[in-house]
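**Q** I am sharing coords32.txt, which consists of compact mmCIF, C-alpha atoms:
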```txt
# COMPACT_ATOMS: atom_id res chain seq x y z
CA MET Z 1 -14.42 -10.51 -28.40
CA ASN Z 2 -13.48 -14.14 -28.93
CA PHE Z 3 -12.17 -15.31 -25.56
CA VAL Z 4 -9.94 -18.11 -26.84
CA GLU Z 5 -8.48 -15.89 -29.55
CA GLU Z 6 -7.82 -13.19 -26.95
CA LEU Z 7 -5.87 -15.64 -24.80
CA ARG Z 8 -4.10 -17.14 -27.80
CA TRP Z 9 -2.40 -13.91 -28.98
CA ARG Z 10 -1.49 -13.13 -25.37
CA GLY Z 11 0.34 -16.49 -25.07
CA MET Z 12 -2.04 -17.65 -22.33
CA ILE Z 13 -3.15 -21.05 -23.66
CA HIS Z 14 -1.29 -24.23 -22.81
CA ASN Z 15 -3.99 -26.81 -23.42
CA MET Z 16 -7.75 -27.08 -23.85
CA THR Z 17 -10.26 -29.82 -24.46
CA PRO Z 18 -11.82 -30.18 -27.93
CA GLY Z 19 -14.90 -28.01 -28.39
CA THR Z 20 -13.87 -25.32 -25.90
CA GLU Z 21 -13.47 -22.59 -28.51
CA GLU Z 22 -16.80 -23.47 -30.14
CA LEU Z 23 -18.52 -23.37 -26.71
CA VAL Z 24 -17.43 -19.80 -25.90
CA GLU Z 25 -18.29 -18.62 -29.42
CA GLU Z 26 -21.83 -20.02 -29.27
CA GLU Z 27 -23.08 -18.87 -25.86
CA MET Z 28 -22.43 -16.84 -22.75
CA THR Z 29 -20.47 -19.43 -20.82
CA THR Z 30 -19.98 -19.78 -17.09
CA GLY Z 31 -16.42 -20.73 -16.17
CA TYR Z 32 -14.43 -20.93 -12.97
CA VAL Z 33 -10.96 -20.84 -11.47
CA GLY Z 34 -10.12 -22.30 -8.07
CA ILE Z 35 -7.93 -20.52 -5.53
CA ASP Z 36 -6.81 -22.16 -2.29
CA PRO Z 37 -7.21 -19.64 0.56
CA THR Z 38 -3.97 -20.57 2.30
CA ALA Z 39 -3.20 -16.86 2.96
CA ASP Z 40 -5.31 -13.72 3.34
CA SER Z 41 -3.77 -12.20 0.22
CA LEU Z 42 -3.21 -13.22 -3.36
CA HIS Z 43 0.33 -13.03 -4.71
CA ILE Z 44 1.34 -12.39 -8.30
CA GLY Z 45 1.53 -16.12 -8.97
CA HIS Z 46 -2.29 -16.05 -8.78
CA LEU Z 47 -2.54 -13.18 -11.24
CA VAL Z 48 -2.43 -15.33 -14.37
CA SER Z 49 -5.63 -17.17 -13.45
CA VAL Z 50 -7.24 -13.93 -12.27
CA MET Z 51 -6.39 -12.24 -15.58
CA MET Z 52 -7.93 -15.20 -17.42
CA LEU Z 53 -11.18 -14.53 -15.54
CA LYS Z 54 -10.88 -10.79 -16.22
CA HIS Z 55 -10.59 -11.41 -19.97
CA PHE Z 56 -13.37 -14.02 -19.71
CA GLN Z 57 -15.76 -11.46 -18.23
CA ALA Z 58 -14.66 -8.74 -20.68
CA CYS Z 59 -15.60 -11.12 -23.52
CA GLY Z 60 -19.15 -11.36 -22.14
CA HIS Z 61 -18.88 -14.57 -20.12
CA LYS Z 62 -19.64 -15.22 -16.44
CA PRO Z 63 -16.66 -15.84 -14.14
CA ILE Z 64 -16.78 -17.75 -10.87
CA VAL Z 65 -13.97 -17.70 -8.32
CA LEU Z 66 -14.02 -20.86 -6.26
CA ILE Z 67 -12.34 -20.43 -2.89
CA GLY Z 68 -11.10 -23.86 -1.89
CA GLY Z 69 -12.17 -23.95 1.75
CA ALA Z 70 -12.44 -27.73 1.63
CA THR Z 71 -9.45 -28.36 -0.63
CA GLY Z 72 -7.47 -25.88 1.46
CA MET Z 73 -7.99 -28.27 4.34
CA ILE Z 74 -6.43 -31.06 2.29
CA GLY Z 75 -3.61 -29.63 0.20
CA ASP Z 76 -3.12 -29.97 -3.54
CA PRO Z 77 -0.22 -32.28 -4.49
CA SER Z 78 0.30 -30.57 -7.89
CA GLY Z 79 3.83 -29.22 -8.12
CA LYS Z 80 4.49 -29.90 -4.44
CA SER Z 81 7.06 -32.21 -2.89
CA GLN Z 82 5.34 -32.40 0.49
CA GLU Z 83 1.98 -31.82 2.13
CA ARG Z 84 0.96 -28.28 3.04
CA ASN Z 85 -0.28 -27.14 6.42
CA LEU Z 86 -4.01 -27.55 6.94
CA LEU Z 87 -6.13 -24.57 8.03
CA ASP Z 88 -9.10 -24.27 10.39
CA GLU Z 89 -12.47 -22.94 9.24
CA ASP Z 90 -12.20 -19.53 10.95
CA THR Z 91 -8.90 -18.83 9.22
CA LEU Z 92 -10.30 -19.96 5.87
CA ARG Z 93 -13.37 -17.69 6.19
CA HIS Z 94 -11.17 -14.72 7.10
CA ASN Z 95 -8.92 -15.38 4.11
CA GLN Z 96 -11.94 -15.71 1.81
CA GLU Z 97 -13.23 -12.23 2.70
CA LYS Z 98 -9.82 -10.66 2.17
CA LEU Z 99 -9.41 -12.35 -1.20
CA LYS Z 100 -12.81 -11.14 -2.40
CA GLN Z 101 -11.82 -7.56 -1.61
CA GLN Z 102 -8.72 -7.96 -3.77
CA LEU Z 103 -10.56 -9.72 -6.59
CA ALA Z 104 -13.06 -6.86 -6.80
CA ARG Z 105 -10.26 -4.79 -8.36
CA PHE Z 106 -10.25 -7.19 -11.32
CA LEU Z 107 -13.79 -8.54 -11.61
CA ASP Z 108 -17.24 -6.93 -11.51
CA PHE Z 109 -19.36 -8.60 -8.81
CA ASP Z 110 -22.38 -6.30 -9.42
CA PRO Z 111 -25.36 -8.74 -9.31
CA SER Z 112 -27.36 -6.58 -11.75
CA ARG Z 113 -25.00 -7.65 -14.55
CA PRO Z 114 -26.06 -10.80 -16.44
CA ASN Z 115 -22.45 -11.97 -16.35
CA ALA Z 116 -21.64 -10.75 -12.83
CA ALA Z 117 -18.69 -12.44 -11.18
CA GLU Z 118 -19.48 -14.73 -8.26
CA MET Z 119 -17.43 -16.15 -5.42
CA VAL Z 120 -18.21 -19.56 -3.95
CA ASN Z 121 -16.54 -21.73 -1.31
CA ASN Z 122 -16.40 -25.48 -1.85
CA TYR Z 123 -16.53 -26.05 1.92
CA ASP Z 124 -20.21 -25.05 1.73
CA TRP Z 125 -21.14 -28.21 -0.17
CA MET Z 126 -18.27 -30.53 0.75
CA LYS Z 127 -19.07 -30.26 4.48
CA GLU Z 128 -22.42 -31.98 3.81
CA TYR Z 129 -20.73 -35.17 2.55
CA THR Z 130 -20.19 -38.14 4.80
CA PHE Z 131 -17.24 -40.35 4.00
CA LEU Z 132 -19.50 -43.21 2.93
CA GLY Z 133 -21.63 -40.85 0.86
CA PHE Z 134 -18.57 -39.49 -0.91
CA ILE Z 135 -17.04 -42.83 -1.87
CA ARG Z 136 -20.48 -44.06 -3.02
CA ASP Z 137 -21.49 -40.97 -5.05
CA ILE Z 138 -18.10 -39.91 -6.38
CA GLY Z 139 -15.43 -42.54 -5.76
CA LYS Z 140 -17.12 -45.34 -7.72
CA HIS Z 141 -17.11 -43.30 -10.95
CA ILE Z 142 -13.31 -42.76 -11.16
CA THR Z 143 -10.90 -45.72 -11.19
CA VAL Z 144 -7.65 -45.83 -9.24
CA ASN Z 145 -5.87 -46.52 -12.55
CA TYR Z 146 -7.24 -43.23 -13.91
CA MET Z 147 -6.12 -41.32 -10.80
CA MET Z 148 -2.66 -42.95 -10.81
CA SER Z 149 -2.09 -41.83 -14.40
CA LYS Z 150 -2.03 -38.14 -13.43
CA ASP Z 151 1.38 -36.45 -13.45
CA SER Z 152 0.81 -34.87 -10.03
CA VAL Z 153 0.40 -38.36 -8.55
CA LYS Z 154 3.14 -40.04 -10.57
CA LYS Z 155 5.74 -37.46 -9.54
CA ARG Z 156 4.98 -37.98 -5.87
CA LEU Z 157 5.04 -41.77 -6.16
CA GLY Z 158 7.90 -42.09 -8.63
CA GLU Z 159 11.49 -43.15 -8.10
CA ASP Z 160 12.57 -39.68 -6.95
CA ALA Z 161 9.77 -39.44 -4.37
CA THR Z 162 11.04 -38.96 -0.82
CA SER Z 163 7.96 -38.66 1.34
CA GLY Z 164 5.27 -40.50 -0.62
CA MET Z 165 1.70 -39.29 -0.67
CA SER Z 166 -1.09 -39.56 1.87
CA PHE Z 167 -4.56 -40.81 0.97
CA THR Z 168 -5.78 -37.30 1.85
CA GLU Z 169 -3.76 -35.74 -0.97
CA PHE Z 170 -4.43 -38.65 -3.30
CA SER Z 171 -8.13 -37.85 -2.97
CA TYR Z 172 -7.60 -34.20 -3.92
CA GLN Z 173 -8.49 -34.68 -7.59
CA LEU Z 174 -11.77 -36.32 -6.61
CA VAL Z 175 -12.67 -33.35 -4.41
CA GLN Z 176 -11.77 -30.90 -7.21
CA GLY Z 177 -13.77 -33.02 -9.64
CA THR Z 178 -16.72 -32.85 -7.24
CA ASP Z 179 -16.47 -29.04 -7.31
CA PHE Z 180 -16.80 -29.01 -11.08
CA LEU Z 181 -19.71 -31.45 -10.91
CA HIS Z 182 -21.47 -29.27 -8.30
CA LEU Z 183 -20.98 -26.04 -10.27
CA PHE Z 184 -22.07 -27.78 -13.49
CA ARG Z 185 -25.31 -28.88 -11.83
CA GLU Z 186 -26.06 -25.78 -9.76
CA LYS Z 187 -24.75 -22.95 -11.95
CA ASN Z 188 -24.54 -24.46 -15.44
CA CYS Z 189 -20.76 -23.97 -15.24
CA LYS Z 190 -19.26 -25.77 -18.24
CA LEU Z 191 -15.64 -24.60 -18.17
CA GLN Z 192 -12.83 -24.84 -15.64
CA MET Z 193 -9.59 -22.90 -16.10
CA GLY Z 194 -6.26 -22.90 -14.30
CA GLY Z 195 -2.50 -23.32 -14.62
CA SER Z 196 -1.04 -26.13 -16.67
CA ASP Z 197 -0.12 -28.00 -13.47
CA GLN Z 198 -3.88 -28.29 -12.80
CA TRP Z 199 -4.70 -30.11 -16.05
CA GLY Z 200 -4.98 -33.55 -14.42
CA ASN Z 201 -7.28 -32.30 -11.65
CA ILE Z 202 -9.46 -30.34 -14.09
CA VAL Z 203 -10.00 -33.19 -16.55
CA THR Z 204 -10.88 -35.48 -13.64
CA GLY Z 205 -13.84 -33.13 -13.24
CA THR Z 206 -14.80 -33.31 -16.93
CA GLU Z 207 -14.54 -37.11 -16.74
CA LEU Z 208 -16.70 -37.25 -13.60
CA ILE Z 209 -19.38 -35.10 -15.26
CA ARG Z 210 -19.31 -37.31 -18.35
CA ARG Z 211 -19.56 -40.57 -16.38
CA LYS Z 212 -22.11 -39.41 -13.81
CA LEU Z 213 -24.33 -37.14 -15.93
CA GLY Z 214 -23.50 -38.18 -19.48
CA LYS Z 215 -22.75 -34.53 -20.40
CA GLU Z 216 -19.78 -32.59 -21.74
CA ALA Z 217 -17.70 -30.13 -19.72
CA TYR Z 218 -14.55 -28.34 -20.83
CA ALA Z 219 -11.06 -27.45 -19.61
CA LEU Z 220 -8.56 -24.73 -20.51
CA THR Z 221 -5.15 -24.16 -18.95
CA CYS Z 222 -2.49 -21.48 -19.31
CA PRO Z 223 1.28 -22.04 -19.22
CA LEU Z 224 3.10 -21.73 -15.93
CA ILE Z 225 4.87 -18.37 -16.00
CA THR Z 226 8.65 -18.52 -15.95
CA LYS Z 227 11.48 -16.01 -15.98
CA SER Z 228 13.92 -15.86 -18.87
CA ASP Z 229 16.86 -16.44 -16.48
CA GLY Z 230 15.29 -19.64 -15.16
CA GLY Z 231 14.37 -18.14 -11.78
CA LYS Z 232 10.92 -18.63 -10.29
CA PHE Z 233 8.41 -15.99 -11.32
CA GLY Z 234 7.03 -13.84 -8.52
CA LYS Z 235 9.76 -14.68 -6.02
CA THR Z 236 12.21 -12.14 -4.57
CA GLU Z 237 14.74 -12.32 -1.76
CA ASP Z 238 11.87 -11.44 0.57
CA GLY Z 239 9.67 -14.24 -0.80
CA ASN Z 240 6.38 -13.84 -2.69
CA VAL Z 241 5.32 -10.54 -4.24
CA TRP Z 242 1.92 -10.05 -2.59
CA LEU Z 243 -1.05 -7.92 -3.64
CA ASP Z 244 -1.66 -6.84 -0.05
CA PRO Z 245 0.22 -3.55 0.52
CA GLU Z 246 0.89 -4.62 4.12
CA ARG Z 247 2.88 -7.61 2.86
CA THR Z 248 4.51 -6.03 -0.22
CA SER Z 249 4.52 -2.24 -0.34
CA PRO Z 250 3.23 -0.58 -3.54
CA TYR Z 251 6.77 0.77 -4.02
CA LYS Z 252 8.33 -2.71 -3.93
CA PHE Z 253 5.50 -4.05 -6.06
CA TYR Z 254 6.16 -1.35 -8.66
CA GLN Z 255 9.90 -2.02 -8.53
CA PHE Z 256 9.36 -5.74 -9.19
CA TRP Z 257 7.72 -5.04 -12.55
CA LEU Z 258 10.05 -2.17 -13.42
CA ASN Z 259 13.11 -4.40 -13.03
CA VAL Z 260 12.09 -7.39 -15.16
CA SER Z 261 14.23 -8.22 -18.19
CA ASP Z 262 13.39 -7.02 -21.70
CA THR Z 263 12.34 -10.54 -22.73
CA ASP Z 264 10.10 -10.96 -19.70
CA ALA Z 265 8.60 -7.47 -20.06
CA GLU Z 266 7.41 -8.27 -23.59
CA LYS Z 267 5.82 -11.49 -22.35
CA TYR Z 268 4.37 -10.12 -19.11
CA ILE Z 269 2.75 -7.04 -20.65
CA ARG Z 270 0.56 -9.37 -22.73
CA ILE Z 271 -0.39 -11.53 -19.76
CA PHE Z 272 -0.77 -9.08 -16.88
CA THR Z 273 -2.39 -6.04 -18.53
CA GLY Z 274 -5.55 -5.36 -20.48
CA LEU Z 275 -3.70 -3.42 -23.19
CA GLY Z 276 -4.73 -4.32 -26.74
CA LYS Z 277 -2.59 -6.04 -29.34
CA GLU Z 278 -1.85 -2.92 -31.40
CA ARG Z 279 -0.79 -0.89 -28.36
CA ILE Z 280 1.50 -3.67 -27.11
CA GLU Z 281 3.08 -4.05 -30.55
CA GLN Z 282 3.62 -0.29 -30.68
CA LEU Z 283 5.30 -0.33 -27.26
CA ALA Z 284 7.49 -3.29 -28.27
CA GLU Z 285 8.59 -1.40 -31.38
CA GLU Z 286 9.41 1.73 -29.35
CA HIS Z 287 11.35 -0.42 -26.91
CA SER Z 288 13.37 -2.10 -29.65
CA GLN Z 289 14.37 1.32 -31.04
CA GLN Z 290 15.52 2.69 -27.65
CA PRO Z 291 15.85 -0.20 -25.18
CA HIS Z 292 17.73 1.96 -22.66
CA LYS Z 293 14.49 3.90 -22.03
CA ARG Z 294 12.78 0.69 -20.81
CA VAL Z 295 9.44 1.68 -22.33
CA LEU Z 296 7.95 -1.80 -21.87
CA GLN Z 297 8.97 -2.11 -18.23
CA LYS Z 298 7.67 1.36 -17.35
CA GLU Z 299 4.28 0.76 -18.97
CA LEU Z 300 4.01 -2.73 -17.48
CA ALA Z 301 4.77 -1.36 -14.00
CA ARG Z 302 2.27 1.48 -14.49
CA GLN Z 303 -0.54 -0.77 -15.67
CA VAL Z 304 -0.16 -3.49 -13.03
CA THR Z 305 0.52 -1.17 -10.07
CA THR Z 306 -2.49 0.98 -10.96
CA MET Z 307 -4.71 -2.08 -11.41
CA VAL Z 308 -3.68 -3.77 -8.15
CA HIS Z 309 -3.26 -0.69 -5.94
CA SER Z 310 -4.38 2.63 -7.48
CA ALA Z 311 -3.23 5.47 -9.72
CA GLU Z 312 -2.34 7.41 -6.56
CA GLU Z 313 -0.10 4.60 -5.25
CA TYR Z 314 1.53 4.34 -8.68
CA GLU Z 315 2.32 8.08 -8.59
CA LYS Z 316 3.78 7.73 -5.10
CA ALA Z 317 5.95 4.81 -6.24
CA THR Z 318 7.31 6.69 -9.27
CA GLU Z 319 7.98 9.76 -7.16
CA ALA Z 320 9.84 7.62 -4.61
CA SER Z 321 11.88 6.01 -7.41
CA SER Z 322 12.89 9.42 -8.75
CA ILE Z 323 14.57 10.24 -5.41
CA LEU Z 324 17.31 7.71 -6.09
CA PHE Z 325 18.02 9.26 -9.49
CA GLY Z 326 18.41 12.78 -8.19
CA GLN Z 327 15.04 14.06 -9.39
CA GLY Z 328 13.20 14.18 -6.06
CA THR Z 329 12.72 17.26 -3.89
CA THR Z 330 12.55 17.94 -0.18
CA GLU Z 331 8.78 18.18 -0.53
CA SER Z 332 8.53 14.77 -2.19
CA LEU Z 333 10.61 13.31 0.65
CA ARG Z 334 8.31 14.87 3.23
CA ARG Z 335 5.22 13.44 1.47
CA MET Z 336 6.61 9.93 1.52
CA ASP Z 337 5.24 7.57 4.18
CA GLU Z 338 7.76 5.84 6.42
CA ASP Z 339 7.42 2.36 4.89
CA THR Z 340 8.07 3.66 1.38
CA PHE Z 341 10.93 5.84 2.64
CA LEU Z 342 12.60 2.84 4.28
CA ASN Z 343 12.02 0.68 1.20
CA VAL Z 344 13.65 3.28 -1.06
CA PHE Z 345 16.71 3.58 1.18
CA GLU Z 346 16.96 -0.07 2.16
CA GLY Z 347 20.59 -1.03 2.76
CA VAL Z 348 21.78 2.57 3.19
CA PRO Z 349 24.15 3.04 6.20
CA VAL Z 350 22.32 4.31 9.30
CA ASP Z 351 23.64 6.33 12.24
CA GLU Z 352 21.61 6.97 15.37
CA ILE Z 353 21.48 10.45 16.89
CA SER Z 354 19.79 11.76 20.02
CA ARG Z 355 16.69 13.91 19.77
CA SER Z 356 18.06 16.27 22.40
CA LEU Z 357 21.03 17.07 20.12
CA LEU Z 358 18.65 18.28 17.41
CA GLU Z 359 16.37 20.10 19.82
CA LYS Z 360 19.32 22.22 20.94
CA GLY Z 361 20.56 22.55 17.35
CA VAL Z 362 23.92 21.24 16.17
CA ASN Z 363 26.35 22.53 13.56
CA VAL Z 364 26.23 20.42 10.38
CA VAL Z 365 29.98 19.80 10.43
CA ASP Z 366 29.90 18.69 14.08
CA LEU Z 367 26.88 16.45 13.37
CA LEU Z 368 28.41 14.64 10.40
CA GLY Z 369 32.07 14.67 11.37
CA GLU Z 370 31.88 14.13 15.15
CA HIS Z 371 28.49 12.82 16.33
CA THR Z 372 28.06 10.35 13.44
CA HIS Z 373 30.22 8.34 11.05
CA VAL Z 374 29.13 10.07 7.84
CA PHE Z 375 32.58 11.68 7.46
CA PRO Z 376 35.86 10.47 9.01
CA SER Z 377 36.70 14.07 9.96
CA LYS Z 378 35.24 17.55 10.17
CA GLY Z 379 37.79 18.77 7.62
CA GLU Z 380 36.54 16.30 5.01
CA CYS Z 381 32.97 17.43 5.67
CA ARG Z 382 33.94 21.09 5.15
CA ARG Z 383 35.71 20.23 1.88
CA MET Z 384 32.57 18.41 0.62
CA ILE Z 385 30.41 21.44 1.47
CA LYS Z 386 32.86 23.80 -0.23
CA GLY Z 387 32.76 21.64 -3.36
CA GLY Z 388 28.95 21.70 -3.41
CA GLY Z 389 28.61 17.95 -2.93
CA LEU Z 390 26.65 17.69 0.33
CA SER Z 391 22.84 17.70 0.68
CA LEU Z 392 20.46 17.20 3.58
CA ASN Z 393 16.98 15.97 2.58
CA ARG Z 394 17.79 16.80 -1.08
CA GLU Z 395 18.71 20.41 -0.29
CA LYS Z 396 22.32 21.45 -0.94
CA VAL Z 397 24.28 22.58 2.11
CA VAL Z 398 25.96 25.89 1.20
CA SER Z 399 27.41 26.84 4.59
CA ALA Z 400 29.55 24.91 7.05
CA GLU Z 401 27.84 26.94 9.79
CA LEU Z 402 24.36 25.52 9.06
CA PRO Z 403 22.54 24.58 12.31
CA VAL Z 404 20.66 21.27 12.04
CA THR Z 405 17.51 21.09 14.18
CA ALA Z 406 14.51 18.82 14.71
CA ALA Z 407 12.79 20.71 11.87
CA PHE Z 408 14.95 18.69 9.46
CA LEU Z 409 13.39 15.37 10.54
CA LEU Z 410 11.42 13.37 7.95
CA ASN Z 411 8.57 11.30 9.41
CA GLY Z 412 9.64 12.73 12.73
CA LYS Z 413 12.80 10.60 12.93
CA TYR Z 414 15.06 10.62 9.82
CA ILE Z 415 17.49 12.95 8.04
CA LEU Z 416 18.74 11.94 4.59
CA VAL Z 417 22.39 12.82 3.96
CA GLN Z 418 23.70 12.70 0.39
CA LYS Z 419 27.38 12.89 -0.52
CA GLY Z 420 27.91 13.35 -4.25
CA LYS Z 421 25.39 11.85 -6.67
CA LYS Z 422 24.52 8.45 -5.24
CA ASN Z 423 26.20 8.08 -1.84
CA TYR Z 424 23.42 8.13 0.78
CA HIS Z 425 23.45 7.95 4.55
CA LEU Z 426 20.53 7.98 7.00
CA LEU Z 427 20.47 9.62 10.38
CA LYS Z 428 17.83 8.18 12.69
CA VAL Z 429 16.68 9.56 16.02
CA ALA Z 430 17.34 6.96 18.71
CA GLY Z 431 14.40 5.54 20.65
```
Starting from the file, lay out its structure as structure tokens.
**A**
Amino acid sequence: MNFVEELRWRGMIHNMTPGTEELVEEEMTTGYVGIDPTADSLHIGHLVSVMMLKHFQACGHKPIVLIGGATGMIGDPSGKSQERNLLDEDTLRHNQEKLKQQLARFLDFDPSRPNAAEMVNNYDWMKEYTFLGFIRDIGKHITVNYMMSKDSVKKRLGEDATSGMSFTEFSYQLVQGTDFLHLFREKNCKLQMGGSDQWGNIVTGTELIRRKLGKEAYALTCPLITKSDGGKFGKTEDGNVWLDPERTSPYKFYQFWLNVSDTDAEKYIRIFTGLGKERIEQLAEEHSQQPHKRVLQKELARQVTTMVHSAEEYEKATEASSILFGQGTTESLRRMDEDTFLNVFEGVPVDEISRSLLEKGVNVVDLLGEHTHVFPSKGECRRMIKGGGLSLNREKVVSAELPVTAAFLLNGKYILVQKGKKNYHLLKVAG
């Protein structure tokens, strides 16, 4: 496949230097993307660059992931209004290992492949530089005028700047340029990719290679991903949508993609999945015929959740989602782990009950009309049962004499009460 053409139809090219397309057509090219290891998990904001590398490798080229151990100690000014916190080496090394585990779901690191993915850390070569060595070997090749012309610098030093910019951050583009120079020399890496906000930093690297070695290197950036409503992509009320299931559960991850707008779904399915052009066009056509079925969102959520987590976690997420729409069973509730259960019923009213009450057994009407606030009175509870509108753990209550015991507990501590179709209440064992 033609890598540039693949990105082009997916809407993943913002800018590239002349000759980039010819380069990847002529030879197996080594290219890299940099990721700052400021956390021990990627979030979906990183996924665009990761998908670029995934397509790059699928087209027969060699991807390198550069973990910015050194640059993570500095902080990239691009798109930022203030400096970021700096990290110590132990934290950076820990984060690097965690990130590699996640990246292995997207890239093939098998060294027997001629285009095997590699991971490098720029701290490994930057730590060898002395300050005098750096300004002699690197600094003299790039003028201050050139560095000041970059948007990332101009925004921080412009009229609307509030905190200015330290020399540390000003030097960031030189450090990133040094990375490109090092990889060009050591690994014949001729291409650097990233988001459009990285353009200035990336071309500083191509300029450094040209001035220091007299050779050509290339740059390619993708657009920054936006939401159709103007909101920031990848952000929820809880913050970032992470790839680590400990930070963002697979259920919440799945829900994020399932709930994007129609316009965003058509854009995202091109960027965040490996589906081919014909299949995506077919899905878009199906969606346009019956938009209420949300075909695009469902396939997008399936593809990305399976890729990031697993087919099993995707199945669990869809099963959990079905509970809210009346399609789940008692068995599916019992299979659900506690985190997913709590995510599904987030915001539902909760009443605490004592374990001893359930161990002795308590009449359902007494439990819901006296010991908890599910019903204002026992009479109202009986009327709901008589009308067939009350369920415990998705099983309809047919008798007002039903004894509720500890056997009803889900995950050893919850009972799900449902009044009517969508009115839920949780009972939780205290302590």
**Q** Counting only C-alpha atoms, find the residues whose atoms lie at most 12 Å from (-2.0, -16.5, -28.4) (file coordinates) and write them out as a list in words.
**A**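 With a cut-off of 12 Å, the residues come to Asn2, Phe3, Val4, Glu5, Glu6, Leu7, Arg8, Trp9, Arg10, Gly11, Met12, Ile13, His14, Asn15, Cys222, Pro223, Lys267, Arg270, Ile271 and Lys277 of chain Z.
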**Q** What does the distance from CA of Thr329 (chain Z) to CA of Leu416 (chain Z) come to in Å, to one decimal?
**A** 11.7 Å
**Q** What's the 10 Å shell around His373 (chain Z), counting all atoms listed in the file, without same-chain residues fewer than 5 positions away, as a ChimeraX atom specification?
**A** /Z:349-352,367-368,425,427
**Q** Which residues come within 10 Å of Lys235 (chain Z), counting all atoms listed in the file, excluding same-chain residues fewer than 5 positions away, as number ranges by chain?
**A** Z: 43-45, 240-242, 256
**Q** Would you work out the distance separating CA of Ala400 (chain Z) from CA of Asn423 (chain Z), expressed in Å to one decimal?
**A**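 It comes out at 19.3 Å.
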**Q** Please list, as an MDAnalysis selection string, the residues that have an atom at most 12 Å away from (-10.8, -23.8, 8.8) in the coordinates of this file, counting all atoms listed in the file.
**A** chainID Z and resid 36:39 68:74 85:96 121 123:124 127
**Q** List the spatial neighbours of region 138-145 of chain Z as a list in words - criterion: any atom at most 8 Å away, only C-alpha atoms, same-chain residues fewer than 5 positions off excluded.
**A** Leu174, Thr178, Leu208, Arg211 and Lys212 of chain Z
**Q** Point out the residue among Z:Leu157, Z:Met307, Z:Val175, Z:Leu243 with the least atom-to-atom distance to Gly274 (chain Z), counting all atoms listed in the file.
**A**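 The answer is Z:Met307, which sits nearest to Gly274 (chain Z).
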**Q** Under the rule that only C-alpha atoms are counted, which of Z:Ile353, Z:Ala117, Z:Val50, Z:Met16 is the nearest residue to Thr206 (chain Z)?
**A** Z:Met16
**Q** What does the structure give for the distance between CA of Phe170 (chain Z) and CA of Gly194 (chain Z), in Å to one decimal?
**A**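 CA of Phe170 (chain Z) sits 19.3 Å away from CA of Gly194 (chain Z).
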**Q** Which residue gives the smallest distance to Glu207 (chain Z) among Z:Leu390, Z:Thr17, Z:Gly195, Z:Val374, with all atoms listed in the file counted?
**A** Z:Thr17
**Q** I need the residue nearest Phe341 (chain Z) from this list: Z:Lys252, Z:His292, Z:Lys154, Z:Arg355. Use all atoms listed in the file for the distance.
**A**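 When distances to Phe341 (chain Z) are compared using all atoms listed in the file, the smallest one comes from Z:Lys252.
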**Q** Would you kindly return, as an MDAnalysis selection string, each protein, DNA or RNA residue with an atom no farther than 12 Å from any atom of Gly387 (chain Z), considering only C-alpha atoms and excluding same-chain residues fewer than 3 positions away?
**A** chainID Z and resid 380:384 390:391 396:400 419:420
